[in-house]
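What follows is a set of notes on a single structure, which appears directly below.
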Amino acid sequence: MVVLSLALLASLGVGAYLLVTTLSWQDRSAQWESEARGLGEDVAQLTADLDGANTELESARTQLATTQERITELANEKAQLGDENVASQQYLDYQARISEAAGTVAAALGQCTTAQDELIGYLNNRDAYNPDDLAQFATQVDGLCKAATDANTELQKELNK
């Protein structure tokens, strides 16, 4: 009887231990699953950000090429104005304004594309960087690209004069 009682107590102890262990593993499993889902969402967001940055980069490059072509076209059109002296002076004034504006646009677009290239590099190795730092840098890149777009808008206004 004593042996059976001890065996019963031992099996109850083992059963309780197994129950506690099982519940602990279930909790840990739920925690890991929750963390994995969160990381999956982060990866999806960063992938979307990367795609957006690539799109913006391509758009900035296209704008730069279009702007350079338009500058050349308008400079050629302005060069063909009537009176040679008046046309020459107008052309020089115009060319100076356009050159200054084009330089501003080129510099701003250069900064934008360089920053976007750098951001793409960071996003390709996002595990090595703090997500908050990446988000802050992405915001800075957006600011640079907005400045480039604004400079391009000003150039377009100057070209339409």
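Residues are referred to by chain and number: the chain letter is A, B, ... according to the order shown in the structure tokens, the number counts from 1 in that chain, and ligands are numbered separately from 1 in the order shown.
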Residue neighbourhood Arg70 (chain A), 10 Å, only C-alpha atoms, exclusion window fewer than 6 positions, as an MDAnalysis selection string: chainID A and resid 64 76 156 159
Skipping near chain neighbours, those fewer than 6 positions away, what residues fall within 12 Å of region 56-61 of chain A using only C-alpha atoms, listed as JSON, numbers by chain? {"A": [49, 50, 67, 68, 105, 106, 107, 108, 109, 110, 111, 112, 113, 114, 115, 116, 117, 118, 119, 120, 138, 141, 142, 144, 145, 146, 147, 148, 149, 150, 151, 152]}
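CA of Glu158 (chain A) sits 7.7 Å away from CA of Arg97 (chain A).
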Near Leu46 (chain A), counting only C-alpha atoms, which residues have an atom at most 9 Å away, once you skip same-chain residues fewer than 6 positions from it, shown as an mmCIF file with all heavy atoms, in the first residue's frame?
data_model
loop_
_atom_site.group_PDB
_atom_site.id
_atom_site.type_symbol
_atom_site.label_atom_id
_atom_site.label_comp_id
_atom_site.auth_asym_id
_atom_site.auth_seq_id
_atom_site.Cartn_x
_atom_site.Cartn_y
_atom_site.Cartn_z
ATOM 1 N N LEU A 123 18.242 50.032 -46.364
ATOM 2 C CA LEU A 123 17.074 49.156 -46.348
ATOM 3 C C LEU A 123 17.415 47.744 -46.801
ATOM 4 O O LEU A 123 16.792 46.779 -46.348
ATOM 5 C CB LEU A 123 15.964 49.747 -47.228
ATOM 6 C CG LEU A 123 15.315 51.018 -46.677
ATOM 7 C CD1 LEU A 123 14.321 51.590 -47.675
ATOM 8 C CD2 LEU A 123 14.647 50.775 -45.339
ATOM 9 N N ARG A 126 18.660 46.158 -43.551
ATOM 10 C CA ARG A 126 17.883 46.794 -42.487
ATOM 11 C C ARG A 126 18.088 46.156 -41.120
ATOM 12 O O ARG A 126 17.879 46.794 -40.108
ATOM 13 C CB ARG A 126 16.405 46.831 -42.844
ATOM 14 C CG ARG A 126 15.767 45.475 -42.990
ATOM 15 C CD ARG A 126 14.293 45.605 -43.387
ATOM 16 N NE ARG A 126 14.048 44.846 -44.595
ATOM 17 C CZ ARG A 126 13.693 45.348 -45.738
ATOM 18 N NH1 ARG A 126 13.496 46.621 -45.855
ATOM 19 N NH2 ARG A 126 13.505 44.604 -46.795
ATOM 20 N N PRO A 131 15.230 50.570 -36.634
ATOM 21 C CA PRO A 131 14.098 50.955 -37.482
ATOM 22 C C PRO A 131 13.716 52.424 -37.318
ATOM 23 O O PRO A 131 13.336 53.083 -38.285
ATOM 24 C CB PRO A 131 12.960 50.027 -37.030
ATOM 25 C CG PRO A 131 13.643 48.853 -36.421
ATOM 26 C CD PRO A 131 14.917 49.376 -35.822
#
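Distances from A:Asp42, A:Ser5, A:Thr62, A:Leu155 to Thr104 (chain A) were compared using only C-alpha atoms, and the smallest one belongs to A:Leu155.
In this structure, CA of Gln90 (chain A) sits 10.7 Å away from CA of Ala75 (chain A).
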